[in-house]
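Next up, start-v2.pdb (PDB, C-alpha atoms):
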```pdb
ATOM      1  CA  MET L   1    -151.047 -79.572 146.035
ATOM      2  CA  SER L   2    -153.119 -76.818 144.428
ATOM      3  CA  ALA L   3    -151.781 -73.264 144.563
ATOM      4  CA  LEU L   4    -155.331 -72.110 145.300
ATOM      5  CA  ARG L   5    -155.145 -73.509 148.860
ATOM      6  CA  LYS L   6    -155.229 -70.399 151.022
ATOM      7  CA  VAL L   7    -154.128 -70.340 154.628
ATOM      8  CA  LEU L   8    -154.752 -67.643 157.247
ATOM      9  CA  VAL L   9    -152.323 -67.498 160.193
ATOM     10  CA  VAL L  10    -153.431 -65.400 163.196
ATOM     11  CA  ASP L  11    -150.707 -64.654 165.754
ATOM     12  CA  ASP L  12    -149.449 -61.498 167.427
ATOM     13  CA  ASP L  13    -145.916 -62.862 167.013
ATOM     14  CA  ALA L  14    -144.771 -62.028 163.477
ATOM     15  CA  VAL L  15    -142.169 -64.816 163.619
ATOM     16  CA  VAL L  16    -144.912 -67.456 163.672
ATOM     17  CA  GLY L  17    -146.516 -66.064 160.536
ATOM     18  CA  LYS L  18    -143.154 -65.965 158.758
ATOM     19  CA  SER L  19    -142.495 -69.591 159.758
ATOM     20  CA  PHE L  20    -145.811 -70.727 158.274
ATOM     21  CA  ASN L  21    -145.164 -68.726 155.122
ATOM     22  CA  ARG L  22    -141.667 -70.163 154.698
ATOM     23  CA  VAL L  23    -142.788 -73.768 155.146
ATOM     24  CA  LEU L  24    -146.182 -73.781 153.383
ATOM     25  CA  SER L  25    -145.373 -71.490 150.437
ATOM     26  CA  GLN L  26    -142.915 -74.134 149.247
ATOM     27  CA  LYS L  27    -145.733 -76.678 149.281
ATOM     28  CA  GLY L  28    -148.098 -74.667 147.092
ATOM     29  CA  TYR L  29    -150.056 -72.819 149.779
ATOM     30  CA  VAL L  30    -150.874 -69.083 149.740
ATOM     31  CA  VAL L  31    -150.310 -67.769 153.266
ATOM     32  CA  THR L  32    -151.965 -64.632 154.685
ATOM     33  CA  THR L  33    -151.145 -63.354 158.169
ATOM     34  CA  ALA L  34    -153.124 -61.334 160.738
ATOM     35  CA  GLN L  35    -151.827 -59.800 163.991
ATOM     36  CA  ASN L  36    -155.061 -60.167 165.991
ATOM     37  CA  ALA L  37    -158.558 -61.618 165.914
ATOM     38  CA  HIS L  38    -160.266 -58.456 164.647
ATOM     39  CA  GLU L  39    -157.899 -58.273 161.679
ATOM     40  CA  ALA L  40    -158.506 -61.973 161.023
ATOM     41  CA  LEU L  41    -162.300 -61.501 160.962
ATOM     42  CA  LYS L  42    -161.865 -58.666 158.492
ATOM     43  CA  GLN L  43    -159.727 -60.887 156.254
ATOM     44  CA  VAL L  44    -162.352 -63.646 156.411
ATOM     45  CA  ARG L  45    -165.106 -61.214 155.390
ATOM     46  CA  GLU L  46    -163.084 -60.068 152.375
ATOM     47  CA  GLN L  47    -161.941 -63.484 151.098
ATOM     48  CA  SER L  48    -162.306 -67.202 151.768
ATOM     49  CA  PHE L  49    -159.645 -69.451 153.279
ATOM     50  CA  ASP L  50    -159.193 -73.217 153.191
ATOM     51  CA  VAL L  51    -157.800 -73.367 156.728
ATOM     52  CA  VAL L  52    -157.211 -70.945 159.615
ATOM     53  CA  PHE L  53    -154.380 -71.299 162.155
ATOM     54  CA  THR L  54    -154.810 -69.124 165.262
ATOM     55  CA  ASP L  55    -152.796 -68.639 168.425
ATOM     56  CA  ILE L  56    -154.787 -69.202 171.609
ATOM     57  CA  LYS L  57    -153.365 -66.294 173.630
ATOM     58  CA  MET L  58    -153.555 -62.885 171.927
ATOM     59  CA  PRO L  59    -154.354 -59.325 173.053
ATOM     60  CA  GLY L  60    -158.085 -58.633 173.032
ATOM     61  CA  MET L  61    -160.080 -61.534 171.637
ATOM     62  CA  ASP L  62    -158.317 -64.859 172.253
ATOM     63  CA  GLY L  63    -157.961 -67.718 169.794
ATOM     64  CA  VAL L  64    -160.774 -69.819 171.237
ATOM     65  CA  GLU L  65    -163.281 -66.975 170.912
ATOM     66  CA  LEU L  66    -162.042 -66.347 167.381
ATOM     67  CA  ALA L  67    -162.534 -70.019 166.562
ATOM     68  CA  GLU L  68    -166.070 -69.858 167.932
ATOM     69  CA  GLN L  69    -166.911 -66.839 165.760
ATOM     70  CA  LEU L  70    -165.318 -68.377 162.661
ATOM     71  CA  LYS L  71    -167.220 -71.608 163.126
ATOM     72  CA  ALA L  72    -170.467 -69.734 163.735
ATOM     73  CA  ARG L  73    -170.028 -67.892 160.438
ATOM     74  CA  GLN L  74    -168.322 -70.553 158.304
ATOM     75  CA  PRO L  75    -168.656 -74.013 159.860
ATOM     76  CA  TRP L  76    -166.971 -75.596 156.837
ATOM     77  CA  THR L  77    -163.625 -73.780 157.391
ATOM     78  CA  PRO L  78    -161.093 -75.897 159.351
ATOM     79  CA  VAL L  79    -159.620 -74.064 162.357
ATOM     80  CA  VAL L  80    -156.389 -75.185 164.050
ATOM     81  CA  ILE L  81    -155.480 -73.856 167.518
ATOM     82  CA  ILE L  82    -151.806 -73.034 168.219
ATOM     83  CA  THR L  83    -151.110 -73.054 171.924
ATOM     84  CA  GLY L  84    -148.244 -72.840 174.338
ATOM     85  CA  PHE L  85    -150.585 -72.242 177.267
ATOM     86  CA  GLY L  86    -153.072 -75.045 176.845
ATOM     87  CA  THR L  87    -155.618 -75.643 179.596
ATOM     88  CA  THR L  88    -158.375 -78.185 179.893
ATOM     89  CA  GLU L  89    -161.008 -75.455 179.891
ATOM     90  CA  ASN L  90    -159.678 -73.868 176.675
ATOM     91  CA  GLU L  91    -159.392 -77.216 174.926
ATOM     92  CA  THR L  92    -162.959 -78.091 175.957
ATOM     93  CA  ARG L  93    -164.252 -74.779 174.570
ATOM     94  CA  ALA L  94    -162.251 -75.207 171.379
ATOM     95  CA  LYS L  95    -163.536 -78.737 170.810
ATOM     96  CA  ALA L  96    -167.094 -77.555 171.460
ATOM     97  CA  ALA L  97    -166.575 -74.865 168.805
ATOM     98  CA  GLY L  98    -165.515 -77.562 166.337
ATOM     99  CA  VAL L  99    -161.777 -76.918 165.855
ATOM    100  CA  THR L 100    -159.993 -79.421 163.650
ATOM    101  CA  ASP L 101    -156.700 -79.804 165.492
ATOM    102  CA  PHE L 102    -154.339 -78.460 168.168
ATOM    103  CA  MET L 103    -150.672 -77.525 167.725
ATOM    104  CA  ARG L 104    -148.401 -77.007 170.690
ATOM    105  CA  LYS L 105    -145.374 -74.743 170.617
ATOM    106  CA  PRO L 106    -142.519 -74.895 169.815
ATOM    107  CA  LEU L 107    -143.465 -75.524 166.204
ATOM    108  CA  SER L 108    -141.359 -77.399 163.683
ATOM    109  CA  PRO L 109    -141.618 -77.362 159.881
ATOM    110  CA  GLU L 110    -142.834 -80.970 159.972
ATOM    111  CA  MET L 111    -145.605 -80.085 162.452
ATOM    112  CA  ILE L 112    -146.751 -77.151 160.310
ATOM    113  CA  GLU L 113    -146.816 -79.181 157.096
ATOM    114  CA  GLU L 114    -148.511 -82.193 158.702
ATOM    115  CA  SER L 115    -151.168 -80.070 160.431
ATOM    116  CA  ALA L 116    -151.998 -78.224 157.168
ATOM    117  CA  ALA L 117    -152.282 -81.506 155.272
ATOM    118  CA  HIS L 118    -154.490 -82.986 158.010
ATOM    119  CA  ALA L 119    -156.774 -79.942 157.961
ATOM    120  CA  MET L 120    -157.103 -80.182 154.178
ATOM    121  CA  ARG L 121    -158.174 -83.822 154.513
ATOM    122  CA  SER L 122    -161.029 -82.839 156.836
ATOM    123  CA  PRO L 123    -164.538 -83.463 155.437
ATOM    124  CA  VAL L 124    -165.706 -80.526 153.322
ATOM    125  CA  VAL L 125    -169.262 -79.295 153.799
ATOM    126  CA  PRO L 126    -171.138 -79.325 150.449
ATOM    127  CA  MET L 127    -172.057 -75.982 148.950
ATOM    128  CA  ALA L 128    -175.791 -76.591 149.485
ATOM    129  CA  ALA L 129    -175.162 -77.194 153.174
ATOM    130  CA  ARG L 130    -173.006 -74.068 153.335
ATOM    131  CA  LEU L 131    -175.877 -71.978 152.024
ATOM    132  CA  GLU L 132    -178.204 -73.480 154.629
ATOM    133  CA  LEU L 133    -175.736 -72.691 157.403
ATOM    134  CA  VAL L 134    -175.463 -69.012 156.566
ATOM    135  CA  GLN L 135    -177.220 -66.966 159.223
ATOM    136  CA  PRO L 136    -180.303 -65.098 157.975
ATOM    137  CA  SER L 137    -178.882 -61.886 159.465
ATOM    138  CA  GLU L 138    -175.877 -62.175 157.148
ATOM    139  CA  VAL L 139    -178.010 -62.230 154.015
ATOM    140  CA  HIS L 140    -179.277 -58.831 152.951
ATOM    141  CA  VAL L 141    -181.523 -59.082 149.912
ATOM    142  CA  ALA L 142    -183.278 -55.910 148.935
ATOM    143  CA  ILE L 143    -186.549 -56.714 147.158
ATOM    144  CA  GLU L 144    -188.365 -53.676 145.942
ATOM    145  CA  ALA L 145    -191.855 -53.817 144.553
ATOM    146  CA  PRO L 146    -192.168 -52.230 141.141
ATOM    147  CA  ALA L 147    -193.469 -48.708 141.391
ATOM    148  CA  VAL L 148    -197.036 -48.393 140.166
ATOM    149  CA  ALA L 149    -197.830 -44.919 138.952
ATOM    150  CA  HIS L 150    -201.193 -43.447 139.925
ATOM    151  CA  PRO L 151    -203.654 -43.348 136.979
ATOM    152  CA  VAL L 152    -204.424 -39.655 137.565
ATOM    153  CA  ARG L 153    -200.713 -38.825 137.379
ATOM    154  CA  GLN L 154    -200.374 -40.792 134.136
ATOM    155  CA  ILE L 155    -203.352 -38.954 132.593
ATOM    156  CA  ALA L 156    -201.997 -35.580 133.721
ATOM    157  CA  LEU L 157    -198.595 -36.321 132.204
ATOM    158  CA  PHE L 158    -200.251 -37.493 128.973
ATOM    159  CA  LEU L 159    -202.300 -34.300 128.701
ATOM    160  CA  ALA L 160    -199.420 -32.035 129.671
ATOM    161  CA  ALA L 161    -196.867 -33.600 127.311
ATOM    162  CA  PRO L 162    -197.828 -31.563 124.191
ATOM    163  CA  PHE L 163    -197.809 -28.298 126.143
ATOM    164  CA  ILE L 164    -194.484 -29.105 127.752
ATOM    165  CA  GLY L 165    -193.036 -29.885 124.334
ATOM    166  CA  LEU L 166    -194.458 -26.636 122.924
ATOM    167  CA  ALA L 167    -193.032 -24.689 125.864
ATOM    168  CA  TYR L 168    -189.603 -26.192 125.208
ATOM    169  CA  ALA L 169    -189.875 -25.458 121.483
ATOM    170  CA  VAL L 170    -190.762 -21.804 122.165
ATOM    171  CA  ALA L 171    -188.452 -21.230 125.103
ATOM    172  CA  MET L 172    -185.279 -22.947 123.915
ATOM    173  CA  PRO L 173    -184.481 -20.439 121.129
ATOM    174  CA  LEU L 174    -185.075 -17.559 123.535
ATOM    175  CA  VAL L 175    -182.958 -19.168 126.229
ATOM    176  CA  GLY L 176    -180.232 -19.886 123.685
ATOM    177  CA  LEU L 177    -180.316 -16.275 122.477
ATOM    178  CA  ALA L 178    -180.157 -14.976 126.043
ATOM    179  CA  ALA L 179    -177.230 -17.274 126.846
ATOM    180  CA  LEU L 180    -175.462 -16.153 123.665
ATOM    181  CA  LEU L 181    -175.958 -12.494 124.564
ATOM    182  CA  TRP L 182    -174.776 -13.080 128.134
ATOM    183  CA  ILE L 183    -171.637 -14.953 127.048
ATOM    184  CA  GLY L 184    -170.915 -12.412 124.342
ATOM    185  CA  GLY L 185    -171.351  -9.506 126.744
ATOM    186  CA  LYS L 186    -169.126 -11.195 129.325
ATOM    187  CA  ALA L 187    -166.435 -11.808 126.708
ATOM    188  CA  LEU L 188    -166.722  -8.246 125.461
ATOM    189  CA  LEU L 189    -166.258  -6.840 128.953
ATOM    190  CA  GLN L 190    -163.017  -8.806 129.289
ATOM    191  CA  THR L 191    -161.455  -7.268 126.148
ATOM    192  CA  GLN L 192    -159.512  -4.029 125.764
ATOM    193  CA  ALA L 193    -162.607  -2.392 124.288
ATOM    194  CA  ALA L 194    -164.528  -2.926 127.518
ATOM    195  CA  LYS L 195    -164.509   0.786 128.372
ATOM    196  CA  HIS L 196    -166.310   1.554 125.085
ATOM    197  CA  ALA L 197    -168.771  -1.319 125.529
ATOM    198  CA  PRO L 198    -171.594   0.668 127.237
ATOM    199  CA  MET L 199    -171.811   3.180 124.394
ATOM    200  CA  PHE L 200    -171.587   0.411 121.803
ATOM    201  CA  LEU L 201    -174.317  -1.597 123.517
ATOM    202  CA  LYS L 202    -176.492   1.508 123.794
ATOM    203  CA  ASN L 203    -176.197   2.128 120.034
ATOM    204  CA  VAL L 204    -176.948  -1.520 119.282
ATOM    205  CA  ALA L 205    -179.997  -1.399 121.557
ATOM    206  CA  LEU L 206    -181.287   1.777 119.876
ATOM    207  CA  LEU L 207    -180.724   0.255 116.444
ATOM    208  CA  ALA L 208    -182.608  -2.906 117.432
ATOM    209  CA  ALA L 209    -185.420  -0.942 119.118
ATOM    210  CA  ALA L 210    -185.943   1.621 116.326
ATOM    211  CA  PRO L 211    -188.331  -0.511 114.205
ATOM    212  CA  PHE L 212    -190.412  -1.416 117.256
ATOM    213  CA  ILE L 213    -190.566   2.212 118.385
ATOM    214  CA  GLY L 214    -191.700   3.262 114.905
ATOM    215  CA  LEU L 215    -194.294   0.493 114.850
ATOM    216  CA  LEU L 216    -195.504   1.593 118.272
ATOM    217  CA  TYR L 217    -195.931   5.168 117.060
ATOM    218  CA  ALA L 218    -197.706   3.988 113.902
ATOM    219  CA  MET L 219    -200.113   1.938 115.981
ATOM    220  CA  ALA L 220    -200.594   4.446 118.776
ATOM    221  CA  LEU L 221    -201.147   7.699 116.798
ATOM    222  CA  PRO L 222    -204.496   6.693 115.229
ATOM    223  CA  PHE L 223    -205.778   5.753 118.680
ATOM    224  CA  VAL L 224    -204.499   9.032 120.113
ATOM    225  CA  GLY L 225    -206.279  10.962 117.344
ATOM    226  CA  MET L 226    -209.438   8.965 117.885
ATOM    227  CA  GLY L 227    -209.171   9.713 121.588
ATOM    228  CA  PHE L 228    -208.989  13.461 120.953
ATOM    229  CA  LEU L 229    -211.977  13.170 118.610
ATOM    230  CA  VAL L 230    -214.014  11.278 121.214
ATOM    231  CA  VAL L 231    -213.119  13.769 123.950
ATOM    232  CA  THR L 232    -214.102  16.756 121.741
ATOM    233  CA  ALA L 233    -217.374  15.100 120.724
ATOM    234  CA  ALA L 234    -218.132  14.242 124.337
ATOM    235  CA  LYS L 235    -217.646  17.838 125.423
ATOM    236  CA  ALA L 236    -219.966  19.028 122.670
ATOM    237  CA  LEU L 237    -222.637  16.515 123.585
ATOM    238  CA  ALA L 238    -222.358  17.332 127.267
ATOM    239  CA  THR L 239    -223.740  20.820 126.558
ATOM    240  CA  SER L 240    -226.857  19.525 124.772
ATOM    241  CA  ARG L 241    -230.120  18.333 126.301
ATOM    242  CA  TYR L 242    -229.546  14.806 124.987
ATOM    243  CA  ALA L 243    -226.402  14.426 127.101
ATOM    244  CA  PRO L 244    -227.610  11.626 129.492
ATOM    245  CA  THR L 245    -228.906   9.446 126.687
ATOM    246  CA  MET L 246    -225.840  10.039 124.498
ATOM    247  CA  THR L 247    -223.524   9.346 127.418
ATOM    248  CA  ARG L 248    -225.014   5.912 127.937
ATOM    249  CA  PHE L 249    -224.926   5.232 124.221
ATOM    250  CA  MET L 250    -221.297   6.275 123.955
ATOM    251  CA  GLY L 251    -220.435   4.078 126.918
ATOM    252  CA  TYR L 252    -221.934   1.022 125.232
ATOM    253  CA  ALA L 253    -220.314   1.903 121.921
ATOM    254  CA  ALA L 254    -216.907   2.371 123.568
ATOM    255  CA  LYS L 255    -217.145  -1.019 125.244
ATOM    256  CA  LEU L 256    -218.210  -2.635 121.984
ATOM    257  CA  ILE L 257    -215.331  -1.058 120.069
ATOM    258  CA  ALA L 258    -212.739  -1.661 122.797
ATOM    259  CA  ALA L 259    -213.576  -5.334 123.388
ATOM    260  CA  PRO L 260    -211.654  -6.757 120.368
ATOM    261  CA  PHE L 261    -208.631  -4.576 121.119
ATOM    262  CA  ILE L 262    -208.596  -5.612 124.765
ATOM    263  CA  GLY L 263    -208.721  -9.259 123.722
ATOM    264  CA  LEU L 264    -205.955  -8.667 121.174
ATOM    265  CA  ALA L 265    -203.858  -6.898 123.808
ATOM    266  CA  PHE L 266    -204.172  -9.881 126.136
ATOM    267  CA  ALA L 267    -203.293 -12.287 123.308
ATOM    268  CA  VAL L 268    -200.209 -10.252 122.409
ATOM    269  CA  MET L 269    -199.045  -9.352 125.893
ATOM    270  CA  LEU L 270    -199.318 -12.720 127.644
ATOM    271  CA  PRO L 271    -196.544 -14.417 125.589
ATOM    272  CA  LEU L 272    -194.359 -11.342 126.098
ATOM    273  CA  VAL L 273    -195.011 -11.374 129.845
ATOM    274  CA  GLY L 274    -194.223 -15.098 129.940
ATOM    275  CA  THR L 275    -191.000 -14.532 127.999
ATOM    276  CA  ALA L 276    -190.024 -11.694 130.332
ATOM    277  CA  MET L 277    -190.633 -13.920 133.356
ATOM    278  CA  LEU L 278    -188.525 -16.668 131.758
ATOM    279  CA  PHE L 279    -185.654 -14.228 131.200
ATOM    280  CA  TRP L 280    -185.969 -12.905 134.744
ATOM    281  CA  VAL L 281    -185.934 -16.367 136.340
ATOM    282  CA  GLY L 282    -183.066 -17.499 134.088
ATOM    283  CA  GLY L 283    -181.026 -14.377 134.818
ATOM    284  CA  LYS L 284    -181.600 -14.761 138.545
ATOM    285  CA  ALA L 285    -180.507 -18.403 138.408
ATOM    286  CA  LEU L 286    -177.370 -17.508 136.427
ATOM    287  CA  MET L 287    -176.435 -14.737 138.868
ATOM    288  CA  THR L 288    -176.990 -17.090 141.842
ATOM    289  CA  ARG L 289    -174.781 -19.714 140.187
ATOM    290  CA  ALA L 290    -172.093 -17.090 139.525
ATOM    291  CA  GLU L 291    -172.168 -15.986 143.180
ATOM    292  CA  VAL L 292    -171.874 -19.576 144.403
ATOM    293  CA  ALA L 293    -168.967 -20.270 142.016
TER
END
```
Turn this file's structure into structure tokens for me.
Amino acid sequence: MSALRKVLVVDDDAVVGKSFNRVLSQKGYVVTTAQNAHEALKQVREQSFDVVFTDIKMPGMDGVELAEQLKARQPWTPVVIITGFGTTENETRAKAAGVTDFMRKPLSPEMIEESAAHAMRSPVVPMAARLELVQPSEVHVAIEAPAVAHPVRQIALFLAAPFIGLAYAVAMPLVGLAALLWIGGKALLQTQAAKHAPMFLKNVALLAAAPFIGLLYAMALPFVGMGFLVVTAAKALATSRYAPTMTRFMGYAAKLIAAPFIGLAFAVMLPLVGTAMLFWVGGKALMTRAEVA
């Protein structure tokens, strides 16, 4: 007898299950017990059994109804009805469901062993037939069609890829620097020198800003001087008789001179504005994350 022969015993009387276990375990069977039909159906869904013994009278679903459900799901599994309250109607229903045998209480070790051996000798349904007998509702096969990307989306991604890579290459160092400054500032505030941190940070900021402030003055002063010169010349021209003509001429000249600087200002300012927006969005996200944590 193979030790892989598994038996399920369904009875609300624990003594019956223990009797089957005591007799059949010595003969190489593995015995599993269930207290009711619902527990038995759960066991059958989780593992397979070579034979099922079920009492006919149990709370809730009776043994005949359990046999009917077992045979509807797994017609190849032998089912043996244990009964002490046998009626012609129940036996007719059980036979119609395809039970293998009946056992009448009181049970003896010989009856248990002989019934198990008889059930094992029952014809076994071939595996191909088992697959045919499985209800379509019990087979859930999810077949998903491969996703086909839209050509326009593919072209857009192809064109955007270099710009996305460039944006990452430009933004990552700035993001890393901002994260480093944020972590360093947070760590500094947690030290004993936290009360001196504002003054220290102010000095560091002034030191870092000094070259840019000087550069700003160096760039701005010539324009300021030129502005004063233009204003003085305009006032002088306004008092002459050629004022209307000179005013139009100066307007055209100012536009011509200012055009390159306006373009340069846009070229310089747009990356700075973008960087500022990146810092603002990143800082807002970090503060929101800190509030949630």
- Two-atom distance - CA of Glu68 (chain L), CA of Val99 (chain L) (Å):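 Going from CA of Glu68 (chain L) over to CA of Val99 (chain L) covers 8.5 Å.
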- Message: As a check of understanding, name the residues that the PyMOL selection byres ((chain L and resi 48-58) around 9) selects in the supplied structure, as a ChimeraX atom specification.
- Response: /L:4-12,35-37,43-47,59-67,76-86,90,116,119-120
- Query: How far is it from CA of Ala276 (chain L) to CA of Ala160 (chain L), in Å with one decimal?
  - Reply: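 For CA of Ala276 (chain L) relative to CA of Ala160 (chain L), the distance reads 22.4 Å.
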- Task: Using all atoms listed in the file, find the one residue out of L:Lys27, L:Gly274, L:Gly176, L:Asn203 that sits nearest to Pro109 (chain L).
- Result: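 Ranking L:Lys27, L:Gly274, L:Gly176, L:Asn203 by distance to Pro109 (chain L), first place goes to L:Lys27.
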- Item | Interatomic distance (Å, one decimal) between CA of Tyr29 (chain L) and CA of Phe102 (chain L) |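 Result for CA of Tyr29 (chain L) versus CA of Phe102 (chain L): 19.7 Å, one decimal.
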- Query: Do you know which residues the PyMOL selection byres ((chain L and resi 20) around 10) returns on this file, as a list in words?
  - Reply: Val7, Leu8, Val9, Val15, Val16, Gly17, Lys18, Ser19, Asn21, Arg22, Val23, Leu24, Ser25, Tyr29, Val31, Thr32, Thr33, Phe53, Leu107, Ser108, Pro109, Ile112, Glu113 and Ala116 of chain L
Kindly resolve the PyMOL selection byres ((chain L and resi 277-290) around 10) on the present coordinates and return the residues as a compact mmCIF listing (two decimals) with C-alpha atoms, in the coordinates of the input.
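Contents of selection_0.txt, freshly written:
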```
# COMPACT_ATOMS: atom_id res chain seq x y z
CA ALA L 171 -188.45 -21.23 125.10
CA LEU L 174 -185.08 -17.56 123.54
CA VAL L 175 -182.96 -19.17 126.23
CA ALA L 178 -180.16 -14.98 126.04
CA ALA L 179 -177.23 -17.27 126.85
CA TRP L 182 -174.78 -13.08 128.13
CA PRO L 271 -196.54 -14.42 125.59
CA LEU L 272 -194.36 -11.34 126.10
CA VAL L 273 -195.01 -11.37 129.84
CA GLY L 274 -194.22 -15.10 129.94
CA THR L 275 -191.00 -14.53 128.00
CA ALA L 276 -190.02 -11.69 130.33
CA GLU L 291 -172.17 -15.99 143.18
CA VAL L 292 -171.87 -19.58 144.40
CA ALA L 293 -168.97 -20.27 142.02
```
- Item | Pick from L:Pro106, L:Val170, L:Lys71, L:Thr100, whichever lies nearest to His118 (chain L) using all atoms listed in the file |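 Using all atoms listed in the file, His118 (chain L) sits closest to L:Thr100.
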How big is the axis-aligned box around all listed atoms of region 173-179 of chain L once 6 Å goes on each side, and where's its centre, in Å to one decimal, as AutoDock Vina command-line options?
```
--center_x -181.2 --center_y -17.7 --center_z 124.0 --size_x 19.8 --size_y 17.5 --size_z 17.7
```
